[in-house]
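**Q** Okay, handing you the structure first.
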Amino acid sequence: MKSRASYFNATIFKKNLTRFAPCWGLYTVGALMGLILLIDDGGNWMVDNLVGVITILSIITPVYAMICAQLLFGDLYNTRMCNALHALPMRRETWFTTNVLSGFAFHLIPTATLALLSAPILAFYCPENSVLAAPIFLLGTNLQFACFFGLSVFCAFCVGNRFAQALLYGILNFGAIILSWLIDTIFVPMYYGIQINTEPFQLFSPIVHMANSPFAYVRRIYGDKTLGINNELAAVTYHPDEGTVYYFIVAAIGIALLFAAMQLYRRRKMECAGDFLAIKHLEPVFLVVYSVILGAVFHFCVNEIVGMETFLFLFIGLAVGWFTGKMLLERSPRVFRKQNLLRCGILLGVCGLTIVAALLDPFGIEDWVPDADKVESVTIADGSYRYPQNEVTLENSEDISQIIAIHEAALEEHHQGYPHGYTFETAYKELIVPDSDYIPLDMEHYSYFTISYKLTSGRTVKRYYQIWMGDEQGQYLKSVFSTPEALFGYGEDLSRFLSENTRLSVRDTWEGNEHVFRSQGDMIGLYQAILADCRAGTMAQSWTFHHQDDNLYWIYFEDGSEISVYSNCAYTLTWLRSYGLNVDEMLENHGK
C-alpha cells in the first residue's frame with residue numbers, strides 16, 4: 001500500500017543507479033580527466049578554467065541529458081516492456097518522480113565529485129577565495145542540466161520512439177536559430193538593405209546562448225609588486241556575467257517542463273509505444289516544420305554550393321519533406337495517396353504565395369525612409385553589419401536630415417544599378433592586391449554602412465547600404481567619423497580623458513618604435529592635437545576613408561583601445577615631430 005501512495009521508490013532508484021552505472025560512471029571518469037587537465041594548466045589559472053568549463057559543458061550537457069532521458073524512459077518505447085512495466089502495482093507518478101530524481105543523480109555524482117576534489121586543491125595552491133570556484137561550478141553545471149533534462153524528458157513523452165525523441169529535442173533546442181536561418185536564407189535576400197539581428201533568436205536556443213554567455217566572471221586581484229616585473233596574484237572575486245540570470249530562468253523552465261511531462265505521462269496511452277508521435281495533434285505541426293526545414297536546406301545548398309539562384313529546389317525540398325515526414329508518422333512508404341498529394345499541394349501553394357507577396361513588397365519595406373520629425377536619434381556604423389569598425393550616434397536635427405538624405409541616395413543608387421561601377425567588393429579586392437594601381441585616397445568607391453534609427457515611438461529600425469563615397473556625402477561621413485564622439489565615445493572632455501588615462505603609448509607602424517608619455521602636460525598637448533585633427537575631419541578610423549597603408553602611428557590608451565594616425569593628420573603629426581618622433585622618416589617611407 002505504501003508504494004501506491006508514494007512519489008518515490010528507493011528500490012527503483014537503486015536499480016537505476018546500478019543498471020545505468022556505465023552512463024554516469026563514464027561521465028565521472030571524464031570529469032576526473034578534466035580535473036587533471038585543470039591542475040596541469042597551473043594552480044593560479046585553475047580558478048578561471050574551472051568557471052570557464054561551465055560554458056564548455058553547455059555543448060556536452062545537452063547530449064548527456066538526452067541520453068539520460070532515453071535510458072530512464074526508454075521502456076515506454078517498447079510495447080512489451082511498456083505493458084509489463086505498467087502491470088506492476090506502482091503509480092505512474094512514482095515511476096516518473098523516481099526516474100527524474102535518478103536522472104539528476106546521474107549528473108550530480110560526476111559534478112559533485114569534481115567539485116569536492118577540486119576544492120582542497122584550490123584552497124592549497126590558489127589565492128584567496130579560490131575555493132568558491134567549486135560551488136560555483138557545481139551550481140552552474142546543474143542549472144544547465146535542469147534545463148536540458150527537463151526539455152529532453154518533455155520530448156520523451158511527446159513521442160513514441162527514440163529517434164523521434166532525438167529529432168524533436170534537436171528541433172526545440174535549435175528551433176529559434178533554424179527560424180532565423182530560414183528568414184535570412186529565403187526572405188532577407190529579397191529586400192535590399194534589410195538584415196536581421198540573430199541575437200534575440202539565440203535567447204530561445206539555450207545551447208547557443210550558453211556557449212556565448214559565461215555563467216560567472218572571475219576577477220584577478222594583484223598585490224604589491226615583489227620580484228620581477230609581474231605583480232603577485234593575491235585573490236580572486238566572482239561577479240555575475242551575461243548568462244547568470246539566464247541560467248536560472250532556463251533551469252526554471254526545465255523544471256516546469258518536467259511537471260508538464262508528468263501530466264502527459266498521466267494521459268499517455270500504452271498503445272502509442274513505437275509510434276513516431278504519441279500526441280496525434282502534433283502531427284500537422286511536425287509535418288509543416290519538418291517540410292519547411294528540409295525545403296530551406298535544399299534551397300540553401302543549391303544557392304550556396306551549386307550557385308543556382310532559384311526557388312525551384314525550395315519547392316522540391318518541401319515536397320520531399322512532406323512525404324518523408326508522412327512516412328515517419330505512418331511507418332510506411334505507401335503515402336502517395338490523393339489526400340496527401342492535395343495537402344502537399346496546399347503547402348506548396350501557400351509557400352509560393354508567401355514568396356510572391358515578399359517579392360512584390362506591398363508594404364514598401366525595402367523603400368521605407370523615415371520622416372525626420374519621427375526620428376529621435378540615428379546611429380551610423382561603418383564596415384560589416386554584425387562587426388562594425390566604428391559607430392557614432394547623432395541627435396542633431398540637421399545631422400538626422402543629412403543621414404536620411406544619404407539613405408535616400410543609397411536606395412536610388414541601388415535602383416540605378418550603381419552607376420559609378422566601383423563597388424565595395426571591387427575596392428576590397430584591389431586593396432589587398434599588392435600590384436594594384438588603385439589607392440582610394442580620393443574616396444572614389446562604395447562602402448557599406450549600417451544606419452540605425454531610434455524612432456520617437458521607441459522602435460529601432462536598421463538598414464544596411466552601400467554608399468558612394470566620392471561626393472559631398474562621403475566627405476560628410478568622414479567628418480562625422482572624425483568627431484571625438486566617434487573616437488572616444490564622448491565629446492570634448494579633458495578632465496574625463498585625464499582621469500581615464502595616466503599614460504599614453506605611441507608606436508610607429510614601420511619599425512614598431514614606441515614612445516610613452518606620462519606627464520600630464522604631454523597628454524594634454526597630444527589630446528589637443530588629436531582634437532584639432534578631429535575638427536579638420538581627418539581622424540576617421542577606417543580604411544573606408546583612408547588607404548590601409550596610410551596608417552603611420554598607433555596611439556594606445558590605458559583601457560586597451562587604440563586610434564590610428566594617418567598621413568593627413570597634420571596637427572597630431574606636427575605635435576609628435578616636436579617630441580623628436582620619426583615623423584619625416586615615416587612620411588618618406590609611406591611615399592614609397
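Residues are referred to by chain and number: the chain letter is A, B, ... according to the order shown in the C-alpha cells, the number counts from 1 in that chain, and ligands are numbered separately from 1 in the order shown.
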Using DSSP on the backbone coordinates, identify the residues of range 181-349 of chain A assigned to strand (DSSP E or B); present them as a list in words.
**A**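 Restricting range 181-349 of chain A to strand (DSSP E or B) produces Ala216, Tyr217, Val218, Arg219, Arg220, Ile221, Tyr222, Gly223, Asp224, Lys225, Asn231, Glu232, Leu233, Ala234, Ala235, Val236, Thr237, Tyr238, His239, Pro240 and Leu277 of chain A.
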**Q** For the selection just defined, write its residues with C-alpha atoms to a file, as a CSV table (one decimal), in the first residue's frame.
**A**
```
chain,number,residue,atom,x,y,z
A,216,ALA,CA,30.3,33.9,-13.9
A,217,TYR,CA,33.2,36.4,-14.3
A,218,VAL,CA,36.4,35.9,-12.4
A,219,ARG,CA,38.4,39.0,-11.5
A,220,ARG,CA,42.0,38.5,-10.5
A,221,ILE,CA,43.3,40.8,-7.8
A,222,TYR,CA,47.1,41.5,-7.7
A,223,GLY,CA,49.0,42.6,-4.6
A,224,ASP,CA,52.1,44.8,-4.3
A,225,LYS,CA,54.9,44.3,-6.8
A,231,ASN,CA,52.6,41.5,-9.6
A,232,GLU,CA,51.8,38.7,-7.2
A,233,LEU,CA,48.3,37.3,-7.5
A,234,ALA,CA,46.6,37.9,-4.2
A,235,ALA,CA,43.0,37.0,-4.5
A,236,VAL,CA,40.1,36.4,-6.9
A,237,THR,CA,36.5,37.6,-6.8
A,238,TYR,CA,33.4,36.4,-8.6
A,239,HIS,CA,30.8,38.5,-10.3
A,240,PRO,CA,27.6,37.7,-12.3
A,277,LEU,CA,4.5,10.8,-32.1
```
**Q** Give the alpha helix (DSSP H) residues of range 329-427 of chain A, as DSSP finds them on the backbone, and put them as a ChimeraX atom specification.
**A** /A:329-330,338-360,397-415,424-427
**Q** Distance CA of Pro206 in chain A-CA of Pro22 in chain A, one decimal place?
**A**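 Straight-line distance from CA of Pro206 in chain A to CA of Pro22 in chain A works out to 27.3 Å.
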**Q** I need the residue nearest Asn568 in chain A from this list: A:Ile530, A:Val335, A:Ile67, A:Leu581. Use only C-alpha atoms for the distance.
**A**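 Among the listed residues, the smallest separation from Asn568 in chain A belongs to A:Ile530.
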**Q** Got a sec: who's within 10 Å of His415 in chain A, counting only C-alpha atoms, leaving out chain neighbours fewer than 5 positions off, as a list in words?
**A**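 Surrounding residues, per the criterion: Tyr192, Ala409 and Ala410 of chain A.
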**Q** Which polymer residues have any atom within 12 Å of an atom of Ser519 in chain A, counting only C-alpha atoms, with same-chain residues fewer than 6 positions away left out, as a PyMOL selection string?
**A** chain A and resi 498+501-505+525-526
**Q** Wanna dump the range 185-278 of chain A-range 356-362 of chain A contacts at 9 Å for me, each residue with its shortest atom pair and the distance in Å to one decimal, counting only C-alpha atoms, ordered by chain and number, as CSV?
**A**
```
residue,atom,partner,partner_atom,distance
A:Phe187,CA,A:Ala358,CA,7.2
A:Met190,CA,A:Leu359,CA,6.3
A:Tyr191,CA,A:Leu359,CA,8.1
```
**Q** Those same residues - N, CA, C and O atoms - I'd like them written as a PDB file, in the first residue's frame.
**A**
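Result file result.pdb:
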```pdb
ATOM      1  N   PHE A 187      14.035  34.999 -47.205  1.00  0.00           N
ATOM      2  CA  PHE A 187      13.338  36.274 -47.339  1.00  0.00           C
ATOM      3  C   PHE A 187      14.254  37.494 -47.324  1.00  0.00           C
ATOM      4  O   PHE A 187      14.006  38.459 -48.052  1.00  0.00           O
ATOM      5  N   MET A 190      15.565  39.107 -50.535  1.00  0.00           N
ATOM      6  CA  MET A 190      14.595  39.786 -51.394  1.00  0.00           C
ATOM      7  C   MET A 190      14.530  41.286 -51.129  1.00  0.00           C
ATOM      8  O   MET A 190      14.025  42.042 -51.961  1.00  0.00           O
ATOM      9  N   TYR A 191      15.015  41.729 -49.979  1.00  0.00           N
ATOM     10  CA  TYR A 191      14.885  43.133 -49.587  1.00  0.00           C
ATOM     11  C   TYR A 191      16.268  43.755 -49.466  1.00  0.00           C
ATOM     12  O   TYR A 191      17.057  43.363 -48.593  1.00  0.00           O
TER      13      TYR A 191
END
```
**Q** Can I get the residues of range 445-529 of chain A within 12 Å of range 543-565 of chain A, each with the closest pair of atoms and their distance in Å to one decimal, using only C-alpha atoms, sorted chain first then ascending number, as JSON lines?
**A**
```
{"residue": "A:His445", "atom": "CA", "partner": "A:Thr544", "partner_atom": "CA", "distance": 8.7}
{"residue": "A:Tyr446", "atom": "CA", "partner": "A:Thr544", "partner_atom": "CA", "distance": 8.7}
{"residue": "A:Ser447", "atom": "CA", "partner": "A:Thr544", "partner_atom": "CA", "distance": 6.5}
{"residue": "A:Tyr448", "atom": "CA", "partner": "A:Thr544", "partner_atom": "CA", "distance": 8.7}
{"residue": "A:Phe449", "atom": "CA", "partner": "A:Thr544", "partner_atom": "CA", "distance": 9.9}
{"residue": "A:Gln466", "atom": "CA", "partner": "A:Thr544", "partner_atom": "CA", "distance": 11.5}
{"residue": "A:Ile467", "atom": "CA", "partner": "A:Thr544", "partner_atom": "CA", "distance": 10.6}
{"residue": "A:Trp468", "atom": "CA", "partner": "A:Thr544", "partner_atom": "CA", "distance": 10.7}
{"residue": "A:Met469", "atom": "CA", "partner": "A:Phe545", "partner_atom": "CA", "distance": 8.4}
{"residue": "A:Gly470", "atom": "CA", "partner": "A:Phe545", "partner_atom": "CA", "distance": 10.4}
{"residue": "A:Gly474", "atom": "CA", "partner": "A:Phe545", "partner_atom": "CA", "distance": 8.5}
{"residue": "A:Gln475", "atom": "CA", "partner": "A:Phe545", "partner_atom": "CA", "distance": 8.9}
{"residue": "A:Tyr476", "atom": "CA", "partner": "A:Phe545", "partner_atom": "CA", "distance": 11.0}
{"residue": "A:Leu477", "atom": "CA", "partner": "A:Phe545", "partner_atom": "CA", "distance": 8.9}
{"residue": "A:Lys478", "atom": "CA", "partner": "A:Phe545", "partner_atom": "CA", "distance": 6.4}
{"residue": "A:Ser479", "atom": "CA", "partner": "A:Phe545", "partner_atom": "CA", "distance": 9.9}
{"residue": "A:Val480", "atom": "CA", "partner": "A:Phe545", "partner_atom": "CA", "distance": 11.3}
{"residue": "A:Phe481", "atom": "CA", "partner": "A:Phe545", "partner_atom": "CA", "distance": 9.3}
{"residue": "A:Ser482", "atom": "CA", "partner": "A:Phe545", "partner_atom": "CA", "distance": 10.0}
{"residue": "A:Pro484", "atom": "CA", "partner": "A:Ile563", "partner_atom": "CA", "distance": 11.3}
{"residue": "A:Ala486", "atom": "CA", "partner": "A:Ile563", "partner_atom": "CA", "distance": 10.6}
{"residue": "A:Leu487", "atom": "CA", "partner": "A:Ile563", "partner_atom": "CA", "distance": 7.3}
{"residue": "A:Phe488", "atom": "CA", "partner": "A:Ser561", "partner_atom": "CA", "distance": 9.0}
{"residue": "A:Gly489", "atom": "CA", "partner": "A:Ser561", "partner_atom": "CA", "distance": 11.1}
{"residue": "A:Phe497", "atom": "CA", "partner": "A:Phe557", "partner_atom": "CA", "distance": 9.9}
{"residue": "A:Leu498", "atom": "CA", "partner": "A:Glu558", "partner_atom": "CA", "distance": 10.7}
{"residue": "A:Ser499", "atom": "CA", "partner": "A:Glu558", "partner_atom": "CA", "distance": 10.6}
{"residue": "A:Glu500", "atom": "CA", "partner": "A:Glu558", "partner_atom": "CA", "distance": 7.3}
{"residue": "A:Asn501", "atom": "CA", "partner": "A:Glu558", "partner_atom": "CA", "distance": 5.7}
{"residue": "A:Thr502", "atom": "CA", "partner": "A:Glu558", "partner_atom": "CA", "distance": 7.5}
{"residue": "A:Arg503", "atom": "CA", "partner": "A:Glu558", "partner_atom": "CA", "distance": 7.0}
{"residue": "A:Leu504", "atom": "CA", "partner": "A:Phe557", "partner_atom": "CA", "distance": 5.6}
{"residue": "A:Ser505", "atom": "CA", "partner": "A:Tyr556", "partner_atom": "CA", "distance": 5.1}
{"residue": "A:Val506", "atom": "CA", "partner": "A:Ile555", "partner_atom": "CA", "distance": 4.6}
{"residue": "A:Arg507", "atom": "CA", "partner": "A:Trp554", "partner_atom": "CA", "distance": 5.3}
{"residue": "A:Asp508", "atom": "CA", "partner": "A:Tyr553", "partner_atom": "CA", "distance": 4.3}
{"residue": "A:Thr509", "atom": "CA", "partner": "A:Leu552", "partner_atom": "CA", "distance": 5.5}
{"residue": "A:Trp510", "atom": "CA", "partner": "A:Leu552", "partner_atom": "CA", "distance": 7.4}
{"residue": "A:Glu511", "atom": "CA", "partner": "A:Tyr553", "partner_atom": "CA", "distance": 10.5}
{"residue": "A:Gly512", "atom": "CA", "partner": "A:Tyr553", "partner_atom": "CA", "distance": 9.0}
{"residue": "A:Asn513", "atom": "CA", "partner": "A:Tyr553", "partner_atom": "CA", "distance": 9.6}
{"residue": "A:Glu514", "atom": "CA", "partner": "A:Trp554", "partner_atom": "CA", "distance": 9.4}
{"residue": "A:His515", "atom": "CA", "partner": "A:Ile555", "partner_atom": "CA", "distance": 9.7}
{"residue": "A:Val516", "atom": "CA", "partner": "A:Tyr556", "partner_atom": "CA", "distance": 9.5}
{"residue": "A:Phe517", "atom": "CA", "partner": "A:Ile555", "partner_atom": "CA", "distance": 10.5}
{"residue": "A:Arg518", "atom": "CA", "partner": "A:Glu558", "partner_atom": "CA", "distance": 11.5}
{"residue": "A:Met523", "atom": "CA", "partner": "A:Phe557", "partner_atom": "CA", "distance": 10.8}
{"residue": "A:Leu526", "atom": "CA", "partner": "A:Ile555", "partner_atom": "CA", "distance": 10.0}
{"residue": "A:Tyr527", "atom": "CA", "partner": "A:Ile555", "partner_atom": "CA", "distance": 10.7}
{"residue": "A:Ala529", "atom": "CA", "partner": "A:Val565", "partner_atom": "CA", "distance": 11.1}
```
**Q** Any idea what's packed within 8 Å of range 23-31 of chain A, counting only C-alpha atoms, ignoring anything in its chain fewer than 6 positions away? Could you give it as an mmCIF file with N, CA, C and O atoms, in the first residue's frame?
**A**
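Wrote out-v4.cif, looks like this:
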```
data_model
loop_
_atom_site.group_PDB
_atom_site.id
_atom_site.type_symbol
_atom_site.label_atom_id
_atom_site.label_comp_id
_atom_site.auth_asym_id
_atom_site.auth_seq_id
_atom_site.Cartn_x
_atom_site.Cartn_y
_atom_site.Cartn_z
ATOM 1 N N CYS A 68 20.434 10.422 -20.797
ATOM 2 C CA CYS A 68 19.833 10.036 -19.513
ATOM 3 C C CYS A 68 18.326 9.847 -19.644
ATOM 4 O O CYS A 68 17.758 8.884 -19.119
ATOM 5 N N PHE A 106 22.380 11.122 -11.771
ATOM 6 C CA PHE A 106 23.369 10.774 -12.787
ATOM 7 C C PHE A 106 24.294 11.955 -13.106
ATOM 8 O O PHE A 106 25.454 11.772 -13.469
ATOM 9 N N HIS A 107 23.762 13.152 -12.987
ATOM 10 C CA HIS A 107 24.584 14.332 -13.274
ATOM 11 C C HIS A 107 25.240 14.886 -12.021
ATOM 12 O O HIS A 107 26.367 15.411 -12.075
ATOM 13 N N ILE A 109 26.363 13.250 -9.369
ATOM 14 C CA ILE A 109 27.502 12.445 -8.908
ATOM 15 C C ILE A 109 28.802 12.879 -9.588
ATOM 16 O O ILE A 109 29.803 13.149 -8.906
ATOM 17 N N PRO A 110 28.869 12.958 -10.922
ATOM 18 C CA PRO A 110 30.138 13.385 -11.557
ATOM 19 C C PRO A 110 30.538 14.819 -11.206
ATOM 20 O O PRO A 110 31.704 15.082 -10.913
ATOM 21 N N THR A 111 29.564 15.751 -11.244
ATOM 22 C CA THR A 111 29.914 17.152 -10.996
ATOM 23 C C THR A 111 30.282 17.387 -9.537
ATOM 24 O O THR A 111 31.197 18.170 -9.236
ATOM 25 N N THR A 113 31.617 15.142 -7.571
ATOM 26 C CA THR A 113 32.947 14.538 -7.407
ATOM 27 C C THR A 113 34.035 15.509 -7.836
ATOM 28 O O THR A 113 35.047 15.706 -7.136
ATOM 29 N N LEU A 114 33.845 16.129 -8.995
ATOM 30 C CA LEU A 114 34.831 17.090 -9.481
ATOM 31 C C LEU A 114 34.941 18.289 -8.546
ATOM 32 O O LEU A 114 36.049 18.752 -8.234
#
```
**Q** What lies within 9 Å of Met270 in chain A using only C-alpha atoms, ignoring chain neighbours under 4 positions off, as a list of chain:residue names?
**A**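 What passes the distance filter is A:Leu76, A:Thr79, A:Cys82, A:Asn83, A:His86.
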**Q** Take the residues from that selection and put them in a file with C-alpha atoms, as an mmCIF file, in the first residue's frame.
**A**
```cif
data_model
loop_
_atom_site.group_PDB
_atom_site.id
_atom_site.type_symbol
_atom_site.label_atom_id
_atom_site.label_comp_id
_atom_site.auth_asym_id
_atom_site.auth_seq_id
_atom_site.Cartn_x
_atom_site.Cartn_y
_atom_site.Cartn_z
ATOM 1 C CA LEU A 76 7.961 3.356 -22.878
ATOM 2 C CA THR A 79 5.279 -2.275 -26.409
ATOM 3 C CA CYS A 82 5.777 -0.817 -21.566
ATOM 4 C CA ASN A 83 2.875 -3.181 -20.819
ATOM 5 C CA HIS A 86 2.661 -0.705 -16.050
#
```
**Q** With range 279-291 of chain A as the partner and 10 Å as the cut-off, tabulate the residues of range 70-173 of chain A that qualify, each row holding the nearest pair of atoms and their distance in Å to one decimal, using only C-alpha atoms, sorted by chain and rising number, as JSON lines.
**A**
```
{"residue": "A:Phe157", "atom": "CA", "partner": "A:Ile279", "partner_atom": "CA", "distance": 8.6}
{"residue": "A:Cys158", "atom": "CA", "partner": "A:Ile279", "partner_atom": "CA", "distance": 5.9}
{"residue": "A:Val159", "atom": "CA", "partner": "A:Ile279", "partner_atom": "CA", "distance": 6.9}
{"residue": "A:Gly160", "atom": "CA", "partner": "A:Ile279", "partner_atom": "CA", "distance": 8.8}
{"residue": "A:Leu167", "atom": "CA", "partner": "A:Tyr290", "partner_atom": "CA", "distance": 9.9}
{"residue": "A:Leu168", "atom": "CA", "partner": "A:Phe286", "partner_atom": "CA", "distance": 8.8}
{"residue": "A:Ile171", "atom": "CA", "partner": "A:Tyr290", "partner_atom": "CA", "distance": 9.0}
```
**Q** Could you write those residues out with C-alpha atoms, as a CSV table (one decimal), in the first residue's frame?
**A**
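Output file out_34.csv follows:
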```
chain,number,residue,atom,x,y,z
A,157,PHE,CA,6.6,11.9,-23.6
A,158,CYS,CA,5.6,13.7,-26.8
A,159,VAL,CA,6.9,10.8,-29.0
A,160,GLY,CA,6.8,7.1,-29.2
A,167,LEU,CA,14.7,14.7,-33.6
A,168,LEU,CA,12.1,16.7,-31.6
A,171,ILE,CA,14.2,21.0,-33.2
```
**Q** Between CA of Gly274 in chain A and CA of Tyr77 in chain A, what distance in Å does the model show, to one decimal?
**A**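 Computing it gives 5.2 Å between the two atoms.
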**Q** Can you list, as JSON, numbers by chain, every protein, DNA or RNA residue that comes within 12 Å of range 242-246 of chain A when you count only C-alpha atoms, leaving out same-chain residues fewer than 3 positions away?
**A** {"A": [54, 55, 58, 136, 139, 140, 141, 143, 144, 147, 202, 203, 204, 205, 206, 207, 208, 209, 210, 211, 212, 213, 214, 215, 216, 217, 238, 239, 249, 250, 251, 252, 253]}
**Q** Rounded to one decimal, what separation in Å do you get between CA of Gly383 in chain A and CA of Ser397 in chain A?
**A**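 Atom-to-atom, CA of Gly383 in chain A and CA of Ser397 in chain A are spaced 24.6 Å apart.
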**Q** Between A:Tyr247, A:Phe300, A:Phe13, A:Tyr571, which residue has the minimum interatomic distance to Ile183 in chain A, considering only C-alpha atoms?
**A** A:Phe300
